[in-house]
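Chemist: Got a structure for you, upload_28.cif, holding mmCIF, C-alpha atoms.
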data_data
loop_
_atom_site.label_atom_id
_atom_site.label_comp_id
_atom_site.auth_asym_id
_atom_site.auth_seq_id
_atom_site.Cartn_x
_atom_site.Cartn_y
_atom_site.Cartn_z
CA MET T 1 55.75 -32.23 -7.73
CA LYS T 2 55.38 -32.33 -3.94
CA THR T 3 55.44 -28.54 -3.84
CA ARG T 4 52.72 -28.33 -6.45
CA LEU T 5 50.62 -30.89 -4.53
CA LEU T 6 51.02 -28.93 -1.30
CA LEU T 7 49.95 -25.74 -3.05
CA CYS T 8 46.86 -27.45 -4.46
CA LEU T 9 45.91 -28.85 -1.05
CA THR T 10 46.40 -25.42 0.53
CA ALA T 11 44.20 -23.81 -2.11
CA LEU T 12 41.54 -26.46 -1.56
CA LEU T 13 41.56 -25.89 2.19
CA VAL T 14 41.31 -22.12 1.73
CA GLY T 15 38.44 -22.65 -0.68
CA CYS T 16 36.64 -24.85 1.83
CA SER T 17 37.20 -22.30 4.57
CA THR T 18 35.78 -19.53 2.35
CA SER T 19 32.73 -21.62 1.49
CA LYS T 20 32.01 -22.23 5.17
CA GLN T 21 32.19 -18.50 5.81
CA ASP T 22 29.88 -17.81 2.85
CA ASP T 23 27.40 -20.43 4.10
CA LYS T 24 26.94 -18.60 7.38
CA THR T 25 23.55 -16.94 7.48
CA ALA T 26 22.53 -13.83 9.36
CA PRO T 27 21.07 -14.42 12.83
CA SER T 28 17.33 -14.97 12.81
CA LEU T 29 15.08 -12.01 13.56
CA LEU T 30 12.59 -14.39 15.19
CA PRO T 31 12.67 -16.29 18.49
CA ALA T 32 13.43 -20.02 18.34
CA GLY T 33 10.34 -22.05 17.52
CA TRP T 34 8.40 -19.06 16.21
CA ASP T 35 5.04 -20.08 14.69
CA PRO T 36 3.86 -17.53 12.06
CA LYS T 37 0.30 -18.87 11.92
CA ALA T 38 -0.13 -18.91 15.69
CA ALA T 39 1.21 -15.35 15.79
CA GLY T 40 -1.25 -14.34 13.07
CA ASP T 41 -4.16 -16.01 14.85
CA LYS T 42 -3.33 -14.16 18.06
CA VAL T 43 -3.26 -10.80 16.25
CA MET T 44 -6.58 -11.41 14.48
CA ALA T 45 -8.32 -12.45 17.70
CA SER T 46 -8.07 -8.90 19.06
CA LEU T 47 -9.30 -6.96 15.99
CA ILE T 48 -12.10 -4.42 16.40
CA LYS T 49 -14.55 -3.16 13.78
CA ALA T 50 -13.73 0.31 12.48
CA SER T 51 -16.59 0.70 9.97
CA GLY T 52 -19.79 2.56 10.79
CA PRO T 53 -22.94 0.66 11.84
CA ASP T 54 -24.72 1.25 8.52
CA VAL T 55 -21.84 0.19 6.28
CA LYS T 56 -22.47 -2.91 4.15
CA GLY T 57 -19.45 -2.63 1.86
CA ALA T 58 -15.97 -1.29 2.66
CA HIS T 59 -12.44 -1.55 1.30
CA ASP T 60 -8.97 -0.06 0.81
CA ALA T 61 -8.38 1.59 4.18
CA HIS T 62 -5.43 3.74 5.23
CA PHE T 63 -4.73 5.54 8.50
CA ALA T 64 -2.63 7.96 10.50
CA ILE T 65 -1.96 8.03 14.23
CA VAL T 66 -1.89 11.27 16.22
CA GLY T 67 -1.37 10.96 19.95
CA ASP T 68 -3.60 8.22 21.31
CA ARG T 69 -6.00 8.13 18.36
CA ALA T 70 -6.03 6.39 14.99
CA TYR T 71 -7.75 8.15 12.07
CA ILE T 72 -8.81 5.53 9.53
CA VAL T 73 -10.05 6.43 6.04
CA SER T 74 -11.74 3.96 3.70
CA GLU T 75 -14.25 3.51 0.90
CA ALA T 76 -17.71 2.61 2.17
CA ASN T 77 -21.28 2.18 1.04
CA ASP T 78 -24.53 1.48 2.85
CA ARG T 79 -26.20 -0.64 0.13
CA GLN T 80 -24.27 -3.82 -0.54
CA ALA T 81 -21.05 -5.70 0.08
CA GLY T 82 -18.07 -4.98 -2.13
CA GLU T 83 -16.98 -1.84 -3.96
CA ALA T 84 -16.67 -0.60 -7.53
CA ALA T 85 -15.68 2.64 -9.23
CA GLN T 86 -18.96 2.39 -11.17
CA TRP T 87 -21.02 2.72 -7.98
CA PRO T 88 -21.75 6.41 -7.27
CA PHE T 89 -23.02 5.48 -3.80
CA VAL T 90 -19.48 4.64 -2.63
CA TYR T 91 -18.26 7.44 -0.34
CA ALA T 92 -15.08 8.27 1.57
CA THR T 93 -15.31 7.93 5.33
CA LEU T 94 -13.15 8.58 8.41
CA SER T 95 -13.26 6.44 11.57
CA ILE T 96 -11.62 7.50 14.83
CA VAL T 97 -10.32 4.87 17.25
CA ASP T 98 -9.07 5.45 20.81
CA LEU T 99 -5.83 3.47 21.07
CA ARG T 100 -5.88 3.37 24.87
CA ASN T 101 -8.85 1.01 24.95
CA GLU T 102 -9.07 0.19 21.21
CA ARG T 103 -12.60 1.57 20.99
CA LEU T 104 -14.34 3.17 18.01
CA LEU T 105 -15.15 6.76 18.97
CA ASP T 106 -16.74 8.29 15.89
CA VAL T 107 -17.33 7.91 12.15
CA MET T 108 -17.40 10.93 9.82
CA THR T 109 -18.07 11.36 6.11
CA ILE T 110 -15.26 12.96 4.11
CA ALA T 111 -17.04 13.23 0.76
CA ARG T 112 -19.75 11.61 -1.31
CA SER T 113 -21.15 11.86 -4.84
CA GLU T 114 -22.63 15.27 -5.77
CA GLN T 115 -21.80 16.75 -2.37
CA ALA T 116 -21.79 20.56 -2.39
CA PHE T 117 -18.78 22.16 -0.73
CA ALA T 118 -18.12 25.86 -0.19
CA ASN T 119 -16.02 26.14 -3.35
CA GLU T 120 -17.04 23.21 -5.57
CA THR T 121 -19.75 20.60 -5.99
CA LEU T 122 -18.59 17.10 -6.77
CA SER T 123 -19.79 15.45 -9.96
CA VAL T 124 -21.72 12.20 -9.92
CA GLY T 125 -19.34 9.39 -9.11
CA ALA T 126 -17.72 7.20 -6.48
CA CYS T 127 -15.37 8.73 -3.91
CA PHE T 128 -12.64 6.15 -4.06
CA VAL T 129 -9.32 5.00 -2.50
CA PRO T 130 -8.85 7.61 0.28
CA ARG T 131 -5.51 8.32 1.92
CA ILE T 132 -4.59 10.36 5.01
CA LYS T 133 -1.54 12.13 6.44
CA GLN T 134 -0.83 14.54 9.28
CA ILE T 135 0.41 17.79 7.72
CA GLY T 136 0.54 20.02 10.79
CA PRO T 137 0.29 19.86 14.59
CA GLN T 138 -3.49 20.06 14.43
CA LYS T 139 -4.31 19.15 10.84
CA LEU T 140 -4.97 15.91 8.97
CA ARG T 141 -5.28 15.87 5.18
CA CYS T 142 -7.62 13.35 3.56
CA TRP T 143 -7.32 12.55 -0.14
CA PHE T 144 -9.87 10.76 -2.34
CA ALA T 145 -10.50 10.23 -6.04
CA SER T 146 -13.83 11.26 -7.55
CA GLU T 147 -14.54 9.14 -10.61
CA GLN T 148 -17.17 8.01 -13.07
CA PRO T 149 -15.69 5.50 -15.53
CA GLY T 150 -16.26 6.29 -19.19
CA LYS T 151 -17.81 9.68 -18.43
CA ARG T 152 -14.93 11.96 -17.37
CA GLN T 153 -11.39 12.13 -16.07
CA SER T 154 -11.19 11.17 -12.43
CA GLN T 155 -9.88 13.89 -10.12
CA THR T 156 -8.08 13.51 -6.81
CA TYR T 157 -9.18 16.00 -4.16
CA TYR T 158 -8.19 16.65 -0.58
CA ARG T 159 -10.04 17.93 2.46
CA ASP T 160 -8.53 18.90 5.82
CA LEU T 161 -9.65 17.95 9.32
CA ASP T 162 -9.00 20.38 12.18
CA LEU T 163 -8.04 18.27 15.19
CA ARG T 164 -8.82 21.07 17.66
CA THR T 165 -12.48 21.30 16.65
CA MET T 166 -12.77 17.85 15.05
CA THR T 167 -14.45 19.40 12.03
CA PHE T 168 -13.67 19.27 8.33
CA GLU T 169 -13.01 22.50 6.49
CA PRO T 170 -15.94 23.45 4.23
CA GLU T 171 -13.84 23.41 1.04
CA ILE T 172 -12.26 20.69 -1.04
CA HIS T 173 -9.15 21.23 -3.14
CA ARG T 174 -7.80 19.69 -6.32
CA MET T 175 -4.58 17.78 -5.89
CA LYS T 176 -1.88 18.61 -8.46
CA LEU T 177 0.69 16.54 -10.37
CA THR T 178 3.99 17.84 -11.74
CA THR T 179 5.46 15.95 -14.70
CA SER T 180 8.11 16.79 -17.28
CA GLU T 181 5.43 18.81 -19.10
CA GLY T 182 4.36 21.04 -16.19
CA THR T 183 1.90 21.04 -13.29
CA PHE T 184 -1.67 19.83 -13.79
CA ASP T 185 -4.72 18.58 -11.93
CA LEU T 186 -4.08 15.05 -10.67
CA GLN T 187 -5.92 13.24 -13.46
CA PRO T 188 -5.05 10.04 -15.37
CA LYS T 189 -4.37 11.73 -18.71
CA HIS T 190 -1.44 13.75 -17.36
CA LEU T 191 0.32 10.78 -15.78
CA TYR T 192 -0.28 8.82 -18.98
CA ALA T 193 1.17 11.54 -21.21
CA ASP T 194 4.35 11.62 -19.16
CA ALA T 195 4.76 7.85 -19.29
CA ALA T 196 3.97 7.73 -23.02
CA LYS T 197 6.88 10.12 -23.66
CA GLN T 198 9.10 7.42 -22.19
CA GLY T 199 7.68 4.63 -24.32
CA PHE T 200 4.65 3.42 -22.33
CA GLN T 201 2.32 1.84 -24.90
CA ARG T 202 -0.81 0.64 -23.11
CA LYS T 203 -4.09 2.43 -23.85
CA PRO T 204 -5.05 5.50 -21.79
CA VAL T 205 -7.97 5.28 -19.35
CA ASP T 206 -10.00 8.01 -17.65
CA VAL T 207 -10.17 6.56 -14.12
CA GLY T 208 -8.15 4.52 -11.66
CA LEU T 209 -5.44 6.97 -10.59
CA TYR T 210 -4.79 6.86 -6.84
CA LEU T 211 -2.30 7.73 -4.12
CA PHE T 212 -1.53 4.17 -3.21
CA ASP T 213 1.40 3.25 -0.99
CA ASN T 214 2.20 4.53 2.51
CA PHE T 215 3.90 7.91 2.73
CA LYS T 216 7.62 7.38 3.46
CA GLU T 217 10.37 9.79 4.47
CA PHE T 218 13.91 9.70 3.03
CA ASP T 219 16.53 12.43 3.23
CA GLY T 220 13.98 15.05 4.27
CA LYS T 221 11.59 14.24 1.41
CA THR T 222 8.20 12.54 1.47
CA TYR T 223 7.68 9.81 -1.13
CA ILE T 224 4.62 7.87 -2.23
CA ALA T 225 3.95 5.47 -5.08
CA ILE T 226 0.90 6.30 -7.20
CA ASN T 227 -1.01 3.86 -9.35
CA ASN T 228 -3.45 3.89 -12.22
CA TYR T 229 -5.07 0.55 -11.60
CA LEU T 230 -7.04 0.25 -14.85
CA GLY T 231 -4.20 1.66 -16.94
CA ALA T 232 -1.49 -0.57 -15.37
CA GLN T 233 0.62 2.50 -14.65
CA GLN T 234 2.66 3.38 -11.61
CA ALA T 235 5.20 5.97 -10.58
CA LEU T 236 7.32 7.01 -7.62
CA CYS T 237 6.52 10.58 -6.58
CA THR T 238 7.57 13.15 -4.00
CA LEU T 239 5.04 15.17 -2.03
CA ASN T 240 5.82 18.88 -1.66
CA ALA T 241 5.98 20.71 1.68
CA SER T 242 2.46 22.10 1.21
CA ALA T 243 1.16 18.56 0.60
CA ASP T 244 -0.83 19.74 -2.40
CA THR T 245 1.36 18.60 -5.32
CA LEU T 246 3.01 15.35 -6.32
CA THR T 247 6.08 15.34 -8.56
CA VAL T 248 6.91 12.30 -10.66
CA VAL T 249 10.40 10.98 -9.88
CA GLY T 250 10.25 7.91 -12.12
CA HIS T 251 7.85 5.53 -13.84
CA PHE T 252 8.01 1.75 -13.36
CA ASN T 253 5.46 0.06 -15.57
CA GLY T 254 7.25 -3.16 -16.43
CA PRO T 255 7.42 -4.38 -20.01
CA GLY T 256 3.73 -3.67 -20.72
CA GLU T 257 2.82 -7.31 -20.25
CA PRO T 258 2.15 -8.48 -17.65
CA ALA T 259 0.03 -5.59 -16.40
CA LEU T 260 1.49 -4.27 -13.13
CA THR T 261 -0.52 -2.36 -10.54
CA GLU T 262 -0.82 -1.39 -6.85
CA PRO T 263 2.86 -1.00 -5.92
CA ALA T 264 4.59 -0.73 -2.57
CA VAL T 265 8.05 0.86 -2.61
CA ASN T 266 10.94 1.16 -0.19
CA ARG T 267 14.60 2.09 -0.14
CA LEU T 268 17.16 -0.56 0.79
CA PRO T 269 20.22 -0.09 3.04
CA ASP T 270 22.51 0.50 0.03
CA GLY T 271 20.32 3.40 -1.14
CA THR T 272 18.69 1.56 -4.03
CA TRP T 273 14.93 1.29 -4.46
CA LEU T 274 12.77 -1.83 -4.63
CA ALA T 275 9.11 -1.95 -5.67
CA ILE T 276 6.77 -4.92 -5.30
CA CYS T 277 3.84 -4.80 -7.72
CA ARG T 278 0.58 -6.64 -8.08
CA LYS T 279 0.57 -8.68 -11.29
CA GLU T 280 -2.70 -8.89 -13.21
CA ASN T 281 -2.17 -11.71 -15.69
CA GLY T 282 -0.14 -14.85 -16.17
CA ASP T 283 0.32 -16.79 -12.94
CA ARG T 284 -0.30 -13.56 -10.98
CA ASN T 285 2.71 -13.93 -8.73
CA TYR T 286 4.18 -10.60 -7.58
CA TRP T 287 6.61 -8.64 -9.77
CA PHE T 288 9.59 -6.59 -8.56
CA SER T 289 11.27 -3.56 -10.14
CA GLU T 290 14.53 -1.99 -8.95
CA SER T 291 16.19 1.41 -9.28
CA LYS T 292 19.46 3.03 -8.24
CA ASP T 293 18.01 6.55 -8.07
CA GLY T 294 14.19 6.26 -8.14
CA LYS T 295 14.16 7.68 -11.66
CA THR T 296 15.22 4.84 -13.93
CA TRP T 297 13.78 1.43 -13.13
CA THR T 298 14.48 -2.10 -14.32
CA ILE T 299 11.82 -3.99 -16.22
CA GLY T 300 12.03 -6.39 -13.31
CA GLY T 301 10.57 -9.80 -12.68
CA GLU T 302 9.75 -12.25 -9.93
CA LYS T 303 11.84 -12.89 -6.79
CA ASP T 304 12.49 -16.25 -5.17
CA PHE T 305 11.38 -15.05 -1.73
CA VAL T 306 7.79 -14.46 -2.92
CA LYS T 307 6.13 -17.49 -4.52
CA ASN T 308 2.52 -18.47 -5.19
CA GLY T 309 1.33 -14.87 -4.88
CA ALA T 310 -2.18 -13.67 -5.78
CA ALA T 311 -3.49 -10.53 -7.49
CA SER T 312 -3.88 -8.22 -4.51
CA LYS T 313 -2.27 -5.25 -2.77
CA PRO T 314 1.20 -5.82 -1.26
CA THR T 315 2.84 -3.80 1.53
CA PHE T 316 6.50 -2.87 2.00
CA ASP T 317 7.39 -0.92 5.15
CA LYS T 318 10.33 -0.45 7.50
CA PHE T 319 9.78 -0.26 11.24
CA ASN T 320 12.59 0.08 13.79
CA GLY T 321 15.24 -0.96 11.29
CA ILE T 322 13.34 -4.04 10.08
CA TYR T 323 11.65 -4.37 6.69
CA TYR T 324 8.13 -5.81 6.62
CA LEU T 325 6.95 -7.25 3.30
CA GLY T 326 3.29 -8.20 3.09
CA TRP T 327 1.73 -10.19 0.26
CA GLN T 328 -1.37 -12.17 -0.57
CA GLU T 329 -0.89 -15.89 -1.15
CA ARG T 330 -2.87 -17.69 -3.85
CA THR T 331 -3.69 -20.51 -1.40
CA GLN T 332 -7.33 -20.33 -0.29
CA ILE T 333 -9.00 -21.39 2.95
CA ASP T 334 -12.32 -23.13 2.16
CA LYS T 335 -12.20 -21.60 -1.35
CA VAL T 336 -12.35 -18.05 0.04
CA SER T 337 -10.49 -15.49 -2.07
CA ARG T 338 -7.65 -13.59 -0.36
CA SER T 339 -7.86 -15.75 2.74
CA VAL T 340 -4.07 -16.09 3.25
CA PHE T 341 -1.72 -13.14 3.78
CA ASN T 342 1.98 -13.43 4.64
CA LEU T 343 4.09 -10.84 6.42
CA ASP T 344 7.84 -11.43 6.13
CA VAL T 345 10.72 -9.57 7.82
CA SER T 346 14.29 -8.77 6.80
CA LYS T 347 17.24 -6.59 7.78
CA ASP T 348 18.53 -6.10 4.24
CA GLY T 349 15.59 -6.66 1.90
CA LYS T 350 17.23 -9.82 0.53
CA ILE T 351 16.97 -12.54 3.17
CA TRP T 352 13.42 -12.92 4.46
CA GLU T 353 11.74 -14.82 7.29
CA ARG T 354 8.02 -15.47 7.79
CA LYS T 355 6.84 -13.61 10.89
CA TYR T 356 3.06 -13.73 10.42
CA ARG T 357 0.73 -15.89 8.39
CA PHE T 358 -2.87 -14.74 8.49
CA GLU T 359 -5.32 -17.48 7.53
CA THR T 360 -9.04 -16.79 7.78
CA THR T 361 -12.28 -17.39 5.89
CA LYS T 362 -13.13 -13.77 6.65
CA SER T 363 -10.24 -12.89 4.26
CA PHE T 364 -7.25 -10.74 5.11
CA GLN T 365 -6.81 -8.22 2.30
CA TYR T 366 -5.48 -4.72 1.62
CA PRO T 367 -3.88 -4.12 5.01
CA THR T 368 -2.02 -0.95 5.95
CA PHE T 369 0.63 -0.98 8.68
CA VAL T 370 1.71 2.10 10.67
CA GLU T 371 4.25 2.44 13.49
CA ALA T 372 3.68 4.98 16.26
CA ASN T 373 4.99 5.30 19.80
CA GLY T 374 6.93 2.05 19.56
CA GLN T 375 3.96 -0.04 18.44
CA ILE T 376 2.79 -1.23 15.03
CA TRP T 377 -0.91 -0.93 14.22
CA PHE T 378 -2.86 -1.98 11.15
CA CYS T 379 -6.22 -1.92 9.42
CA VAL T 380 -7.54 -4.55 7.00
CA THR T 381 -10.59 -5.43 4.87
CA GLN T 382 -12.67 -8.43 5.99
CA GLY T 383 -16.15 -9.92 5.57
CA ASP T 384 -18.34 -12.90 6.42
CA SER T 385 -20.42 -14.07 3.48
CA ASP T 386 -20.06 -12.04 0.28
CA PRO T 387 -17.61 -13.65 -2.18
CA SER T 388 -15.56 -10.44 -2.19
CA ARG T 389 -15.36 -10.37 1.63
CA LYS T 390 -15.31 -6.57 1.32
CA GLU T 391 -17.80 -5.85 4.08
CA ARG T 392 -16.00 -3.93 6.81
CA ILE T 393 -12.69 -2.48 7.97
CA MET T 394 -11.03 -4.02 11.01
CA PHE T 395 -8.32 -2.44 13.15
CA GLY T 396 -5.80 -3.77 15.62
CA LYS T 397 -2.27 -4.00 16.98
CA LEU T 398 0.37 -6.05 15.21
CA GLU T 399 3.11 -5.74 17.84
#
How does this structure look as structure tokens?
Modeler:
Amino acid sequence: MKTRLLLCLTALLVGCSTSKQDDKTAPSLLPAGWDPKAAGDKVMASLIKASGPDVKGAHDAHFAIVGDRAYIVSEANDRQAGEAAQWPFVYATLSIVDLRNERLLDVMTIARSEQAFANETLSVGACFVPRIKQIGPQKLRCWFASEQPGKRQSQTYYRDLDLRTMTFEPEIHRMKLTTSEGTFDLQPKHLYADAAKQGFQRKPVDVGLYLFDNFKEFDGKTYIAINNYLGAQQALCTLNASADTLTVVGHFNGPGEPALTEPAVNRLPDGTWLAICRKENGDRNYWFSESKDGKTWTIGGEKDFVKNGAASKPTFDKFNGIYYLGWQERTQIDKVSRSVFNLDVSKDGKIWERKYRFETTKSFQYPTFVEANGQIWFCVTQGDSDPSRKERIMFGKLE
């Protein structure tokens, strides 16, 4: 009896010891007493305007850094605040910022409705959701979607900027998409057909297909998540060496309801993939899908580390070994939509800490974060009075 009692006590002590070990948390990534809101306020205080002087509406910016300059692409229009795919006066623009003194140097037009190029004239329609990437020592590639809802299939084009002459080439080119059926123009119907073969059941749409997430490099390959916003479709793709064709790796569309859009994707330390997706209905908190290989994805669901999220673009990047997860909070400052944005950090993609909390009545929406030369920069949509707050693009240094 005594022996059995001693064994039980020993087991209990071992169990307690194990529990104490399990309760140990990883060391914080933040200094003691860190204040996320104060940190966010400090960052916002130094932002500069990156939109042109005539711009009244702007949104959905993305950028690349080459040397001591940032090249920022965005949607813009000179008529009114906000943006919409139904507005043919929305054009794609490029702003150039000198990082040494954080000064706007120039603003150039990439493409606009019905513009005649050397090889093709654009149809009537908005030039929407531009993206940019350096594809050579002296070349930047700018992508944009030309679309006219209900009239035709949208088409994603690209146009190259020569950094030596600071001029755009006179031609535009049609971006391609490779699916299980072959290689096609990057249009919604081809992405839809590939997803439908795998059981996707939502209705097809003729617009809304965009290069969406940041370009990310893994094992010598370039990845980007693409999104059909109106069709609630998304897929992980690779970009070929010529940067003119995307290849679908895997679709992650959730169960069909809720509608999932605007994903940000990254690979975790164990080699698995995690995608955070905007959620369009229900309580609108963010939805997560996971994959072991990027091809087959879980239906997914919500995660405990993101609560009270809003319907807006998330971000999911990794800088200097640290993951940065950005998401819009449903909380509003003075009833302003998208006025709170959180940026959390993690070493493993599982345990997160709040590093920045951006609170402003100017809104803080659709940011893009880029690391270059040991610093992290970002651009973001803000505004003063229009309910959308989509009035200009701001640019600055995160850290």
Chemist: When distances are computed from all atoms listed in the file, which of T:Phe316, T:Trp287, T:Tyr158, T:Trp34 shows the smallest separation from Leu186 of chain T?
Modeler: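 Smallest separation from Leu186 of chain T among the options: T:Tyr158.
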Chemist: Run through the PyMOL selection byres ((chain T and resi 135-144) around 7) on the given coordinates and return the selected residues as a PyMOL selection string.
Modeler: chain T and resi 92+127-134+145-146+156-164
Chemist: Considering only C-alpha atoms, return as an NGL selection string whatever protein or nucleic-acid residues lie within 7 Å of segment 351-358 of chain T, sequence-local ones (same chain, fewer than 2 positions apart) excluded.
Modeler: :T and (36-37 or 39-41 or 305 or 340-346 or 348-349 or 360 or 364)
Chemist: Separation of atom CA of Arg392 of chain T and atom CA of Glu371 of chain T, in Å?
Modeler: 22.3 Å
Chemist: Taking every listed atom of segment 24-42 of chain T and adding 4 Å to each side, what centre and edge lengths in Å (one decimal) does the axis-aligned box have, as JSON?
Modeler:
{"center_x": 11.4, "center_y": -17.0, "center_z": 12.9, "size_x": 39.1, "size_y": 18.0, "size_z": 19.1}
Chemist: Take the PyMOL selection byres ((chain T and resi 203) around 10), run it mentally on this structure, and tell me the resulting residues as an mmCIF file with C-alpha atoms, keeping the file's coordinate frame.
Modeler:
data_model
loop_
_atom_site.group_PDB
_atom_site.id
_atom_site.type_symbol
_atom_site.label_atom_id
_atom_site.label_comp_id
_atom_site.auth_asym_id
_atom_site.auth_seq_id
_atom_site.Cartn_x
_atom_site.Cartn_y
_atom_site.Cartn_z
ATOM 1 C CA TYR T 192 -0.280 8.820 -18.980
ATOM 2 C CA ALA T 196 3.970 7.730 -23.020
ATOM 3 C CA PHE T 200 4.650 3.420 -22.330
ATOM 4 C CA GLN T 201 2.320 1.840 -24.900
ATOM 5 C CA ARG T 202 -0.810 0.640 -23.110
ATOM 6 C CA PRO T 204 -5.050 5.500 -21.790
ATOM 7 C CA VAL T 205 -7.970 5.280 -19.350
ATOM 8 C CA LEU T 230 -7.040 0.250 -14.850
ATOM 9 C CA GLY T 231 -4.200 1.660 -16.940
ATOM 10 C CA ALA T 232 -1.490 -0.570 -15.370
#
Chemist: Report as a PyMOL selection string the residues that result from applying the PyMOL selection byres ((chain T and resi 261) around 9) to the structure here.
Modeler: chain T and resi 227-234+253+259-260+262-263+277-280+313
Chemist: Output C-alpha atoms for every residue in that selection, as a JSON list (two decimals), in the frame of the given file.
Modeler:
[["chain", "number", "residue", "atom", "x", "y", "z"],
["T", 227, "ASN", "CA", -1.01, 3.86, -9.35],
["T", 228, "ASN", "CA", -3.45, 3.89, -12.22],
["T", 229, "TYR", "CA", -5.07, 0.55, -11.60],
["T", 230, "LEU", "CA", -7.04, 0.25, -14.85],
["T", 231, "GLY", "CA", -4.20, 1.66, -16.94],
["T", 232, "ALA", "CA", -1.49, -0.57, -15.37],
["T", 233, "GLN", "CA", 0.62, 2.50, -14.65],
["T", 234, "GLN", "CA", 2.66, 3.38, -11.61],
["T", 253, "ASN", "CA", 5.46, 0.06, -15.57],
["T", 259, "ALA", "CA", 0.03, -5.59, -16.40],
["T", 260, "LEU", "CA", 1.49, -4.27, -13.13],
["T", 262, "GLU", "CA", -0.82, -1.39, -6.85],
["T", 263, "PRO", "CA", 2.86, -1.00, -5.92],
["T", 277, "CYS", "CA", 3.84, -4.80, -7.72],
["T", 278, "ARG", "CA", 0.58, -6.64, -8.08],
["T", 279, "LYS", "CA", 0.57, -8.68, -11.29],
["T", 280, "GLU", "CA", -2.70, -8.89, -13.21],
["T", 313, "LYS", "CA", -2.27, -5.25, -2.77]]
Chemist: Could you tell me which of T:Leu30, T:Thr222, T:Ile172, T:Glu147 comes closest to Leu209 of chain T if we count only C-alpha atoms?
Modeler: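 Ranked by minimum distance to Leu209 of chain T, first place goes to T:Glu147.
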Chemist: The residues within 8 Å of (-12.3, 0.8, 8.4), using all atoms listed in the file and the coordinates of the file, should be reported as JSON, numbers by chain; which are they?
Modeler: {"T": [49, 50, 51, 58, 59, 61, 72, 73, 74, 94, 95, 379, 380, 381, 392, 393, 394, 395]}
Chemist: Would you work out the distance separating atom CA of Trp377 of chain T from atom CA of Gly271 of chain T, expressed in Å to one decimal?
Modeler: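 According to the coordinates, atom CA of Trp377 of chain T and atom CA of Gly271 of chain T are separated by 26.6 Å.
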Chemist: Could you tell me how far atom CA of Asp60 of chain T sits from atom CA of Thr167 of chain T, in Å to one decimal place?
Modeler: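 Straight-line distance from atom CA of Thr167 of chain T to atom CA of Asp60 of chain T works out to 23.1 Å.
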Chemist: Taking only C-alpha atoms into account, which of T:Asn308, T:Asn240, T:Thr109, T:Gln375 comes nearest Tyr223 of chain T?
Modeler: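 Looking at the shortest contact to Tyr223 of chain T, the residue is T:Asn240.
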Chemist: Could you give me, as a ChimeraX atom specification, the residues within 10 Å of Glu290 of chain T, counting only C-alpha atoms and dropping anything in the same chain fewer than 6 positions from it?
Modeler: /T:252,265-267,272-276,296-301
Chemist: Which one of T:Pro188, T:Asp106, T:Asn101, T:Gly33 sits closest to Pro53 of chain T if you count only C-alpha atoms?
Modeler: T:Asp106
Chemist: So, with all atoms listed in the file as the atoms that count, which of T:Tyr366, T:Gly250, T:Asn281, T:Ser289 lies closest to Gln198 of chain T?
Modeler: T:Gly250
Chemist: Please determine, counting all atoms listed in the file, which residue among T:Ala32, T:Val336, T:Leu99, T:Val107 has the shortest atom-to-atom distance to Ile376 of chain T.
Modeler: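 Counting all atoms listed in the file, the residue closest to Ile376 of chain T is T:Leu99.
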Chemist: Excluding Gly67 of chain T and residues on its chain fewer than 4 positions from it, collect all residues at most 10 Å away from it, counting all atoms listed in the file, and give them as a VMD selection string.
Modeler: chain T and resid 98 to 99 372 to 373
